[in-house]
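Containing compact mmCIF, C-alpha atoms: work-v9.txt.
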```txt
# COMPACT_ATOMS: atom_id res chain seq x y z
CA MET A 676 0.00 0.00 0.00
CA SER A 677 1.23 3.45 -0.44
CA ARG A 678 3.11 2.95 2.28
CA SER A 679 0.42 3.80 0.01
CA LEU A 680 -0.76 -2.11 -0.79
CA LEU A 681 -0.26 -5.50 -3.58
CA SER A 682 -1.63 -8.93 -6.96
CA HIS A 683 -1.55 -11.89 -12.45
CA PHE A 684 -2.87 -13.74 -15.59
CA PHE A 685 -5.19 -12.37 -18.20
CA SER A 686 -4.12 -10.59 -21.37
CA LEU A 687 -3.94 -6.99 -20.29
CA SER A 688 -3.17 -3.97 -22.43
CA SER A 689 0.36 -2.63 -22.74
CA THR A 690 -0.45 0.02 -20.14
CA THR A 691 -1.57 -2.56 -17.59
CA PRO A 692 0.82 -3.51 -14.78
CA HIS A 693 2.76 -6.66 -15.59
CA LEU A 694 3.23 -9.64 -13.38
CA THR A 695 6.17 -11.41 -11.90
CA SER A 696 6.38 -14.78 -10.20
CA SER A 697 8.98 -13.83 -7.63
CA VAL A 698 9.95 -11.00 -5.30
CA SER A 699 13.43 -9.59 -4.91
CA GLY A 700 14.31 -8.14 -1.42
CA PHE A 701 4.87 -5.87 -2.90
CA PHE A 702 -16.44 1.82 -14.40
CA ARG A 703 -19.36 0.93 -14.70
CA LYS A 704 -19.25 4.69 -14.02
CA PRO A 705 -21.11 5.65 -10.82
CA ARG A 706 -24.73 6.38 -11.59
CA PHE A 707 -24.79 10.14 -11.55
CA ARG A 708 -27.83 12.11 -12.47
CA ASN A 709 -27.60 15.86 -12.70
CA THR A 710 -31.20 16.52 -11.84
CA THR A 711 -31.77 14.05 -9.01
CA GLY A 712 -29.78 12.63 -6.13
CA ILE A 713 -27.29 9.83 -6.55
CA ARG A 714 -28.67 6.45 -5.59
CA CYS A 715 -26.80 3.48 -4.28
CA CYS A 716 -27.70 0.06 -5.62
CA ALA A 717 -27.46 -2.05 -2.47
CA THR A 718 -27.80 -5.50 -3.98
CA LEU A 719 -25.15 -7.60 -2.28
CA SER A 720 -23.77 -11.09 -2.56
CA ILE A 721 -21.54 -12.39 0.22
CA SER A 722 -20.58 -15.50 -1.72
CA GLN A 723 -17.00 -15.93 -2.86
CA PRO A 724 -16.80 -13.59 -5.83
CA SER A 725 -14.44 -15.87 -7.68
CA GLY A 726 -16.86 -18.81 -7.58
CA SER A 727 -19.19 -19.90 -10.36
CA ASP A 728 -21.78 -22.62 -10.90
CA SER A 729 -20.76 -22.87 -14.52
CA PRO A 730 -17.60 -24.87 -15.27
CA SER A 731 -17.06 -22.79 -18.43
CA VAL A 732 -16.54 -19.56 -16.47
CA ALA A 733 -12.93 -18.98 -15.42
CA VAL A 734 -12.33 -18.17 -11.76
CA LYS A 735 -10.83 -14.70 -11.47
CA LYS A 736 -7.63 -14.14 -9.57
CA ARG A 737 -7.91 -11.73 -6.66
CA VAL A 738 -6.12 -8.37 -6.30
CA VAL A 739 -6.08 -6.17 -3.17
CA SER A 740 -4.70 -2.67 -2.79
CA GLY A 741 -5.26 0.52 -0.84
CA VAL A 742 -4.09 4.04 -0.10
CA GLN A 743 -3.73 5.85 3.21
CA PRO A 744 -6.16 8.71 3.92
CA THR A 745 -3.36 11.02 5.04
CA GLY A 746 -3.10 14.35 3.25
CA ALA A 747 -4.50 15.06 -0.20
CA LEU A 748 -4.23 12.36 -2.86
CA HIS A 749 -1.90 13.55 -5.59
CA LEU A 750 -0.89 12.75 -9.14
CA GLY A 751 1.61 10.12 -7.95
CA ASN A 752 -1.12 8.20 -6.07
CA TYR A 753 -3.34 8.38 -9.14
CA LEU A 754 -0.89 7.52 -11.93
CA GLY A 755 1.11 5.07 -9.80
CA ALA A 756 -1.82 3.17 -8.30
CA ILE A 757 -5.47 4.21 -8.71
CA LYS A 758 -5.42 4.66 -12.50
CA ASN A 759 -4.03 1.15 -12.87
CA TRP A 760 -6.86 -0.26 -10.77
CA ILE A 761 -9.36 0.69 -13.47
CA SER A 762 -7.97 -1.87 -15.92
CA LEU A 763 -7.43 -4.47 -13.20
CA GLN A 764 -11.09 -4.44 -12.13
CA ASP A 765 -12.15 -5.76 -15.55
CA ASN A 766 -10.02 -8.88 -15.29
CA TYR A 767 -9.63 -9.57 -11.58
CA ASP A 768 -11.71 -9.93 -8.43
CA THR A 769 -10.64 -6.62 -6.90
CA PHE A 770 -10.72 -5.18 -3.38
CA PHE A 771 -9.69 -1.54 -3.00
CA PHE A 772 -9.82 -0.13 0.50
CA ILE A 773 -8.89 2.97 2.45
CA VAL A 774 -6.17 1.91 4.88
CA ASP A 775 -7.12 4.17 7.78
CA LEU A 776 -5.52 1.92 10.43
CA HIS A 777 -2.15 2.52 8.79
CA ALA A 778 -2.74 6.26 9.04
CA ILE A 779 -2.29 6.25 12.83
CA THR A 780 1.21 4.77 12.93
CA GLN A 781 2.39 8.36 13.37
CA PRO A 782 0.67 11.32 15.06
CA HIS A 783 -2.50 12.26 13.21
CA ASP A 784 -5.24 14.88 13.31
CA THR A 785 -8.29 13.24 14.88
CA GLN A 786 -10.59 15.87 13.39
CA GLU A 787 -9.30 15.13 9.89
CA LEU A 788 -9.11 11.33 9.79
CA SER A 789 -12.82 10.72 9.20
CA ARG A 790 -13.06 13.48 6.59
CA THR A 791 -10.00 12.37 4.63
CA THR A 792 -11.21 8.76 4.73
CA ARG A 793 -14.45 9.78 3.01
CA ASP A 794 -12.54 12.01 0.59
CA THR A 795 -10.28 9.13 -0.39
CA ALA A 796 -13.23 6.81 -0.99
CA ALA A 797 -14.93 9.45 -3.15
CA ILE A 798 -11.76 9.94 -5.18
CA TYR A 799 -11.52 6.19 -5.80
CA LEU A 800 -14.99 6.30 -7.34
CA ALA A 801 -14.38 9.56 -9.18
CA CYS A 802 -11.26 8.12 -10.79
CA GLY A 803 -13.30 5.25 -12.22
CA VAL A 804 -13.37 2.43 -9.67
CA ASP A 805 -16.63 0.64 -10.53
CA THR A 806 -18.39 -0.88 -7.54
CA SER A 807 -20.19 -3.39 -9.78
CA LYS A 808 -16.74 -4.87 -10.41
CA ALA A 809 -14.69 -3.91 -7.35
CA SER A 810 -15.32 -3.78 -3.60
CA VAL A 811 -14.54 -0.43 -1.96
CA PHE A 812 -14.46 -0.25 1.84
CA VAL A 813 -12.73 1.22 4.86
CA GLN A 814 -10.09 -0.99 6.51
CA SER A 815 -11.26 -0.34 10.09
CA HIS A 816 -14.83 -1.35 9.15
CA VAL A 817 -13.64 -4.96 8.78
CA HIS A 818 -12.53 -5.99 12.26
CA ALA A 819 -10.77 -9.11 11.02
CA HIS A 820 -7.82 -6.98 9.90
CA VAL A 821 -6.80 -6.23 13.47
CA GLU A 822 -7.59 -9.69 14.79
CA LEU A 823 -5.47 -11.44 12.19
CA MET A 824 -2.67 -8.95 12.75
CA TRP A 825 -2.51 -10.03 16.42
CA LEU A 826 -2.41 -13.72 15.49
CA LEU A 827 0.34 -13.09 12.92
CA SER A 828 2.29 -11.00 15.43
CA SER A 829 2.60 -14.05 17.67
CA MET A 830 4.74 -15.77 15.04
CA THR A 831 6.60 -12.78 13.56
CA PRO A 832 10.26 -12.70 14.69
CA ILE A 833 11.18 -9.23 15.94
CA GLY A 834 14.35 -9.46 13.84
CA TRP A 835 12.24 -9.48 10.66
CA LEU A 836 10.60 -6.20 11.64
CA ASN A 837 13.84 -4.55 12.70
CA LYS A 838 15.13 -5.03 9.15
CA MET A 839 12.32 -3.01 7.58
CA ILE A 840 13.94 -0.04 5.80
CA GLN A 841 10.96 2.32 6.21
CA PHE A 842 10.94 1.76 9.98
CA LYS A 843 14.66 2.49 10.20
CA GLU A 844 14.32 5.71 8.20
CA LYS A 845 11.24 7.06 9.96
CA SER A 846 12.38 6.13 13.47
CA ARG A 847 15.76 7.73 12.86
CA LYS A 848 14.08 10.98 11.85
CA ALA A 849 11.56 11.01 14.71
CA GLY A 850 13.78 9.60 17.50
CA ASP A 851 13.03 6.54 19.61
CA GLU A 852 11.02 8.45 22.22
CA ASN A 853 8.61 9.71 19.55
CA VAL A 854 8.07 6.44 17.71
CA GLY A 855 5.11 4.21 18.56
CA VAL A 856 5.15 0.42 18.37
CA ALA A 857 2.68 0.62 15.45
CA LEU A 858 5.40 2.03 13.21
CA LEU A 859 7.40 -1.15 13.83
CA THR A 860 4.50 -3.58 13.50
CA TYR A 861 2.51 -2.05 10.65
CA PRO A 862 4.08 -4.49 8.12
CA VAL A 863 2.28 -7.25 10.06
CA LEU A 864 -0.99 -5.35 9.62
CA MET A 865 -0.18 -5.04 5.93
CA ALA A 866 0.33 -8.80 5.80
CA SER A 867 -3.05 -9.22 7.46
CA ASP A 868 -4.64 -6.90 4.88
CA ILE A 869 -3.38 -9.13 2.08
CA LEU A 870 -3.70 -12.62 3.53
CA LEU A 871 -7.25 -12.14 4.83
CA TYR A 872 -8.59 -12.10 1.27
CA GLN A 873 -6.51 -15.03 0.00
CA SER A 874 -5.03 -12.55 -2.45
CA ASP A 875 -3.34 -13.84 -5.57
CA PHE A 876 -1.59 -10.61 -6.49
CA VAL A 877 -0.76 -7.24 -4.96
CA PRO A 878 0.26 -4.06 -6.85
CA VAL A 879 3.59 -3.12 -5.33
CA GLY A 880 6.06 -0.29 -5.73
CA ASP A 881 9.77 -0.32 -5.01
CA ASP A 882 9.23 0.92 -1.47
CA GLN A 883 6.92 -2.00 -0.64
CA LYS A 884 8.76 -4.99 -2.07
CA GLN A 885 10.31 -5.69 1.33
CA HIS A 886 6.88 -5.65 2.99
CA LEU A 887 5.49 -8.12 0.47
CA GLU A 888 8.45 -10.38 1.13
CA LEU A 889 7.51 -10.31 4.82
CA THR A 890 3.89 -11.16 3.92
CA ARG A 891 4.96 -14.13 1.84
CA GLU A 892 7.32 -15.37 4.56
CA LEU A 893 4.57 -15.08 7.18
CA ALA A 894 2.11 -16.97 4.99
CA GLU A 895 4.62 -19.77 4.48
CA ARG A 896 5.41 -19.82 8.20
CA VAL A 897 1.74 -20.15 9.19
CA ASN A 898 1.16 -22.84 6.57
CA TYR A 899 4.15 -24.80 7.89
CA LEU A 900 3.40 -24.39 11.60
CA TYR A 901 -0.37 -24.89 11.53
CA GLY A 902 -1.49 -26.13 8.12
CA GLY A 903 -1.70 -29.52 6.48
CA ARG A 904 -2.31 -32.56 8.68
CA LYS A 905 -1.98 -30.53 11.88
CA TRP A 906 -4.99 -28.45 10.90
CA LYS A 907 -6.92 -31.51 9.72
CA LYS A 908 -6.47 -33.21 13.09
CA LEU A 909 -8.23 -30.20 14.65
CA GLY A 910 -11.23 -30.64 12.37
CA GLY A 911 -10.11 -28.32 9.57
CA ARG A 912 -9.91 -29.09 5.88
CA GLY A 913 -6.12 -29.44 5.92
CA GLY A 914 -3.81 -28.11 3.25
CA THR A 915 -2.56 -24.53 3.16
CA ILE A 916 -4.19 -21.85 5.29
CA PHE A 917 -3.02 -18.89 3.20
CA LYS A 918 -2.31 -18.37 -0.47
CA ILE A 919 1.19 -17.02 -1.15
CA PRO A 920 0.59 -13.65 -2.87
CA GLU A 921 2.65 -12.56 -5.87
CA PRO A 922 3.68 -9.00 -6.76
CA LEU A 923 2.01 -7.03 -9.52
CA ILE A 924 4.56 -4.60 -10.93
CA PRO A 925 3.33 -1.15 -12.08
CA PRO A 926 3.93 -0.22 -15.74
CA ALA A 927 7.14 1.57 -16.60
CA GLY A 928 6.84 5.31 -16.24
CA ALA A 929 4.13 5.22 -13.57
CA ARG A 930 6.52 6.33 -10.82
CA VAL A 931 5.84 10.06 -10.55
CA MET A 932 8.58 12.20 -9.08
CA SER A 933 8.49 15.49 -7.19
CA LEU A 934 8.07 18.74 -9.13
CA THR A 935 10.88 20.26 -7.08
CA ASP A 936 13.31 17.32 -7.21
CA GLY A 937 13.30 14.84 -10.07
CA LEU A 938 15.15 12.26 -7.97
CA SER A 939 12.55 12.12 -5.15
CA LYS A 940 9.17 10.45 -5.34
CA MET A 941 6.10 12.72 -5.31
CA SER A 942 4.86 12.49 -1.73
CA LYS A 943 2.09 13.70 0.57
CA SER A 944 4.62 14.16 3.33
CA ALA A 945 6.89 16.56 1.42
CA THR A 946 7.04 19.94 3.17
CA SER A 947 6.22 22.04 0.12
CA ASP A 948 2.87 21.70 -1.62
CA LEU A 949 4.63 22.95 -4.76
CA SER A 950 6.27 19.52 -5.02
CA ARG A 951 3.03 17.78 -6.05
CA ILE A 952 -0.13 18.14 -8.11
CA ASN A 953 -3.08 17.24 -5.88
CA LEU A 954 -5.99 15.62 -7.69
CA LEU A 955 -8.38 18.34 -6.51
CA ASP A 956 -6.10 21.30 -7.27
CA PRO A 957 -7.98 23.97 -9.26
CA LYS A 958 -6.74 25.12 -12.66
CA ASP A 959 -4.88 28.20 -11.44
CA VAL A 960 -3.04 26.22 -8.76
CA ILE A 961 -1.96 23.59 -11.28
CA ALA A 962 -0.74 26.31 -13.65
CA ASN A 963 1.26 27.98 -10.87
CA LYS A 964 2.88 24.71 -9.75
CA ILE A 965 3.92 23.77 -13.28
CA LYS A 966 5.17 27.29 -13.94
CA ARG A 967 7.39 27.12 -10.84
CA CYS A 968 8.51 23.47 -11.11
CA LYS A 969 12.20 22.68 -11.39
CA THR A 970 13.66 22.34 -14.90
CA ASP A 971 17.16 22.53 -16.42
CA SER A 972 19.15 24.57 -18.93
CA PHE A 973 19.75 21.89 -21.58
CA PRO A 974 18.39 22.59 -25.09
CA GLY A 975 15.30 20.65 -26.19
CA LEU A 976 13.43 18.00 -24.20
CA GLU A 977 14.22 14.28 -23.95
CA PHE A 978 13.36 11.11 -22.06
CA ASP A 979 15.79 8.92 -20.14
CA ASN A 980 18.77 11.24 -19.82
CA PRO A 981 20.14 10.53 -16.31
CA GLU A 982 21.48 14.08 -16.16
CA ARG A 983 17.94 15.44 -16.69
CA PRO A 984 15.67 13.74 -14.12
CA GLU A 985 13.18 16.65 -14.02
CA CYS A 986 12.85 16.63 -17.80
CA ASN A 987 12.18 12.89 -17.85
CA ASN A 988 9.61 13.22 -15.05
CA LEU A 989 7.66 16.06 -16.68
CA LEU A 990 7.63 14.34 -20.09
CA SER A 991 6.45 11.12 -18.42
CA ILE A 992 3.61 12.95 -16.67
CA TYR A 993 2.57 14.50 -19.98
CA GLN A 994 2.67 11.08 -21.65
CA LEU A 995 0.51 9.48 -18.96
CA VAL A 996 -2.17 12.19 -18.76
CA SER A 997 -2.35 12.75 -22.52
CA GLY A 998 -2.60 9.04 -23.30
CA LYS A 999 0.06 9.32 -25.99
CA LYS A 1000 2.85 6.86 -26.66
CA LYS A 1001 6.35 7.67 -25.51
CA GLU A 1002 7.59 7.93 -29.10
CA GLU A 1003 4.83 10.42 -29.95
CA VAL A 1004 5.69 12.63 -26.99
CA SER A 1005 9.37 12.45 -27.81
CA ARG A 1006 8.78 13.66 -31.38
CA GLU A 1007 6.27 16.31 -30.32
CA CYS A 1008 8.41 17.84 -27.60
CA GLN A 1009 12.02 17.32 -28.66
CA ASP A 1010 12.48 20.85 -30.00
CA MET A 1011 10.26 22.68 -27.51
CA ASN A 1012 11.47 25.20 -24.98
CA TRP A 1013 10.34 24.96 -21.36
CA GLY A 1014 7.83 27.79 -21.64
CA THR A 1015 5.95 26.17 -24.50
CA PHE A 1016 6.05 22.73 -22.90
CA LYS A 1017 4.82 23.94 -19.51
CA THR A 1018 1.73 25.45 -21.14
CA LEU A 1019 1.14 22.17 -22.99
CA LEU A 1020 1.57 20.13 -19.78
CA THR A 1021 -0.71 22.44 -17.77
CA ASP A 1022 -3.51 22.13 -20.33
CA ALA A 1023 -3.15 18.34 -20.43
CA LEU A 1024 -3.30 18.08 -16.63
CA VAL A 1025 -6.32 20.35 -16.34
CA ASP A 1026 -8.18 18.48 -19.10
CA HIS A 1027 -7.41 15.11 -17.50
CA LEU A 1028 -8.24 16.03 -13.91
CA HIS A 1029 -11.35 18.16 -14.54
CA PRO A 1030 -13.76 15.19 -15.10
CA ILE A 1031 -12.42 13.54 -11.94
CA GLN A 1032 -13.00 16.72 -9.94
CA VAL A 1033 -16.55 17.06 -11.28
CA ARG A 1034 -17.39 13.44 -10.40
CA TYR A 1035 -15.83 13.88 -6.96
CA GLN A 1036 -18.11 16.83 -6.22
CA GLU A 1037 -21.15 14.86 -7.38
CA ILE A 1038 -20.29 11.95 -5.10
CA MET A 1039 -19.56 14.15 -2.08
CA SER A 1040 -22.87 15.95 -2.53
CA ASP A 1041 -24.74 12.76 -1.60
CA SER A 1042 -23.32 11.33 1.63
CA ALA A 1043 -25.95 8.56 1.73
CA TYR A 1044 -24.69 7.21 -1.59
CA LEU A 1045 -21.09 7.07 -0.38
CA ASP A 1046 -22.11 5.52 2.96
CA CYS A 1047 -24.03 2.84 1.08
CA ILE A 1048 -21.08 1.99 -1.17
CA LEU A 1049 -18.72 1.68 1.82
CA ALA A 1050 -21.19 -0.42 3.83
CA GLU A 1051 -21.78 -2.76 0.90
CA GLY A 1052 -18.05 -3.11 0.29
CA ALA A 1053 -17.33 -3.80 3.96
CA ALA A 1054 -20.06 -6.45 4.13
CA LYS A 1055 -18.66 -8.30 1.11
CA ALA A 1056 -15.10 -8.02 2.41
CA SER A 1057 -16.14 -9.21 5.88
CA GLY A 1058 -17.70 -12.35 4.46
CA ILE A 1059 -14.37 -13.40 2.97
CA ALA A 1060 -12.17 -12.08 5.79
CA ASP A 1061 -14.20 -13.75 8.54
CA ALA A 1062 -13.97 -17.12 6.81
CA THR A 1063 -10.18 -16.83 6.63
CA LEU A 1064 -9.95 -15.67 10.24
CA LYS A 1065 -12.09 -18.58 11.42
CA ASN A 1066 -9.72 -21.02 9.71
CA VAL A 1067 -6.69 -19.43 11.38
CA TYR A 1068 -8.29 -19.56 14.83
CA GLN A 1069 -9.17 -23.21 14.28
CA ALA A 1070 -5.72 -24.16 12.97
CA MET A 1071 -4.05 -22.43 15.94
CA GLY A 1072 -6.13 -24.43 18.38
CA PHE A 1073 -8.56 -21.84 19.73
CA LEU A 1074 -11.89 -22.95 21.19
CA GLN A 1075 -14.50 -22.40 18.49
CA ARG A 1076 -17.69 -20.48 19.15
```

Will you turn the file into structure tokens for me?
Amino acid sequence: MSRSLLSHFFSLSSTTPHLTSSVSGFFRKPRFRNTTGIRCCATLSISQPSGSDSPSVAVKKRVVSGVQPTGALHLGNYLGAIKNWISLQDNYDTFFFIVDLHAITQPHDTQELSRTTRDTAAIYLACGVDTSKASVFVQSHVHAHVELMWLLSSMTPIGWLNKMIQFKEKSRKAGDENVGVALLTYPVLMASDILLYQSDFVPVGDDQKQHLELTRELAERVNYLYGGRKWKKLGGRGGTIFKIPEPLIPPAGARVMSLTDGLSKMSKSATSDLSRINLLDPKDVIANKIKRCKTDSFPGLEFDNPERPECNNLLSIYQLVSGKKKEEVSRECQDMNWGTFKTLLTDALVDHLHPIQVRYQEIMSDSAYLDCILAEGAAKASGIADATLKNVYQAMGFLQR
């Protein structure tokens, strides 16, 4: 998950994330009506979404992913994660949730958490997540996440957690006295998020590969310690308790860098708001940020020059929001000066984000619709998560209710 989560095999388009079998080191458009309120279709099936009575229907692989509701979602969250979900939902059984429990691993604004959680859910839908194809819910609304985390914690060696790079970096900055235990153990919660849904694949960026490795190792550890014949002797079905999830690698070029430093990832936590394009930024704000973004003094514009990281980043953003191929952008922009290109990029960003902003406002204008979507998503997710959790309790020897 960003620290913003992770998931393989249908023929996807060339812009769809590709799959890998190992880890090194993780629309139907919402029914909007301009003249009446938005209505939520609350028809719900708790059955395993991948199941089918017909032998001719292929069982879909399952993908889970999520984004933290901390700060405003920006272009990096969208192009690096949410935009890719739209193609995934057509070919996979998808679960996209707002990971609000991860948002409290560091000090947070209690007045803002609920609001930003709703905002994030609305943006998912506005970006094109189709709830007839994907389940959208809030992490804390499915209690099994925390319960499974505790069970997994009992078999997670502390040495595994101490090796997590993000914990080392964040704890070093904050100091030991200001770091809560949750910052150390949140990779176990992330493992719970993934394993609860028997996930086949998880979209994963470079900063999360280590966390997916931990998830896979935990799944294998649980299967070895409690699965197979040991589980069967306790009345279970035997076999493996958890699927071993595989990483789903984002498409090349989807890693969006800061507008003020082409070598740093675009981030919510960056001090300056000028470093990122927020998805809800109005036109004049976008224009000002692009006008002031860092460039260089080389002639012309080009991709993939290691001495020009800002140039490569801005061209990549233009390619992604315009929908053009890399070769087209290269030909179009190779002789441009920065002034001309910045105007072109600003117009492309505004044109791309405007429909999302309009849909977001429509969704937020009807709180009952959004509440219904989240409740429906949580109910479907709980049906799957509770079944997994029950198996783990049984395999670990707990008295069954």

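Closest approach to Gly937 in chain A among A:Asp979, A:Lys908, A:Asn963, A:Leu954 is made by A:Asp979 (distances from all atoms listed in the file).
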
Write out as a PDB file with C-alpha atoms, in the coordinates of the input the residues lying within 6 Å of range 751-762 of chain A, counting only C-alpha atoms and excluding same-chain residues fewer than 6 positions away.
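Final output, around.pdb:
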```pdb
ATOM      1  CA  VAL A 804     -13.370   2.430  -9.670  1.00  0.00           C
ATOM      2  CA  ALA A 929       4.130   5.220 -13.570  1.00  0.00           C
ATOM      3  CA  ARG A 930       6.520   6.330 -10.820  1.00  0.00           C
ATOM      4  CA  VAL A 931       5.840  10.060 -10.550  1.00  0.00           C
ATOM      5  CA  MET A 941       6.100  12.720  -5.310  1.00  0.00           C
TER       6      MET A 941
END
```

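Proximity to Lys1065 in chain A was assessed for A:Leu826, A:Val996, A:Ile1031, A:Ala809 counting all atoms listed in the file; the smallest distance is recorded for A:Leu826.
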
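Compared by their closest atoms to Arg951 in chain A, and using only C-alpha atoms, the residues A:Cys968, A:Asp875, A:Ser810, A:Leu938 rank with A:Cys968 nearest.
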
Do you know which residues are at most 9 Å from Cys1008 in chain A counting all atoms listed in the file, after dropping those on the same chain fewer than 5 positions away, and could you put them as JSON, numbers by chain? {"A": [975, 976, 977, 990, 1003, 1016]}

Starting from the point (-2.2, -12.2, 1.7), work out which residues of protein, DNA or RNA have an atom no more than 7 Å away when counting all atoms listed in the file; state them as a PyMOL selection string. chain A and resi 866-874+890+917-920

Output file for the selection above: C-alpha atoms, as a compact mmCIF listing (two decimals), keeping the file's coordinate frame:
```txt
# COMPACT_ATOMS: atom_id res chain seq x y z
CA ALA A 866 0.33 -8.80 5.80
CA SER A 867 -3.05 -9.22 7.46
CA ASP A 868 -4.64 -6.90 4.88
CA ILE A 869 -3.38 -9.13 2.08
CA LEU A 870 -3.70 -12.62 3.53
CA LEU A 871 -7.25 -12.14 4.83
CA TYR A 872 -8.59 -12.10 1.27
CA GLN A 873 -6.51 -15.03 0.00
CA SER A 874 -5.03 -12.55 -2.45
CA THR A 890 3.89 -11.16 3.92
CA PHE A 917 -3.02 -18.89 3.20
CA LYS A 918 -2.31 -18.37 -0.47
CA ILE A 919 1.19 -17.02 -1.15
CA PRO A 920 0.59 -13.65 -2.87
```

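Every residue within 6 Å of the file position (-5.3, -33.4, 7.3), judged by only C-alpha atoms, is given as Gly903, Arg904, Lys907, Lys908 and Gly913 of chain A.
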
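Distances here use only C-alpha atoms; by that measure, the residue among A:Met1071, A:Leu995, A:Ala894, A:Ile1048 closest to Phe772 in chain A is A:Ile1048.
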
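Relative to CA of Ile773 in chain A, CA of Lys1055 in chain A is found at 15.0 Å.
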
Quick one, how far is CA of Leu827 in chain A from CA of Val1067 in chain A? 9.6 Å

Identify, on the basis of all atoms listed in the file, every residue whose closest approach to Ala857 in chain A does not exceed 9 Å; exclude the query and any residue fewer than 5 positions from it along the same chain; express the result as a ChimeraX atom specification. /A:777,779-781

What's the 8 Å shell around Gly911 in chain A, counting all atoms listed in the file, without same-chain residues fewer than 4 positions away, as a PyMOL selection string? chain A and resi 906-907+1066+1069-1070

Mind running range 1030-1075 of chain A against range 811-820 of chain A at 9 Å and telling me each contacting residue's nearest atom pair with the distance in Å (one decimal), counting all atoms listed in the file, chain and number ascending, as a tab-separated table?
```
residue	atom	partner	partner_atom	distance
A:Ile1048	CA	A:Val811	CA	7.0
A:Leu1049	CA	A:Phe812	CA	4.7
A:Ala1050	CA	A:Phe812	CA	7.0
A:Glu1051	CA	A:Phe812	CA	7.8
A:Gly1052	CA	A:Phe812	CA	4.8
A:Ala1053	CA	A:Phe812	CA	5.0
A:Ala1054	CA	A:Val817	CA	8.1
A:Ala1056	CA	A:Val817	CA	7.2
A:Ser1057	CA	A:Val817	CA	5.7
A:Ala1060	CA	A:Ala819	CA	6.2
A:Asp1061	CA	A:Ala819	CA	6.3
A:Thr1063	CA	A:Ala819	CA	8.9
A:Leu1064	CA	A:Ala819	CA	6.7
```

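In this structure, CA of Phe771 in chain A sits 24.9 Å away from CA of Ala945 in chain A.
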
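For Leu889 in chain A, the list of residues within 9 Å, based on all atoms listed in the file and with local chain neighbours fewer than 3 positions off taken out, reads Trp835, Leu836, Pro862, Val863, Ala866, Lys884, Gln885, His886, Glu892, Leu893 and Ala894 of chain A.
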
Which residue is closest to Ile961 in chain A? Choose from A:Ser789, A:Asn1012, A:Thr1018, A:Thr935 and count all atoms listed in the file. A:Thr1018
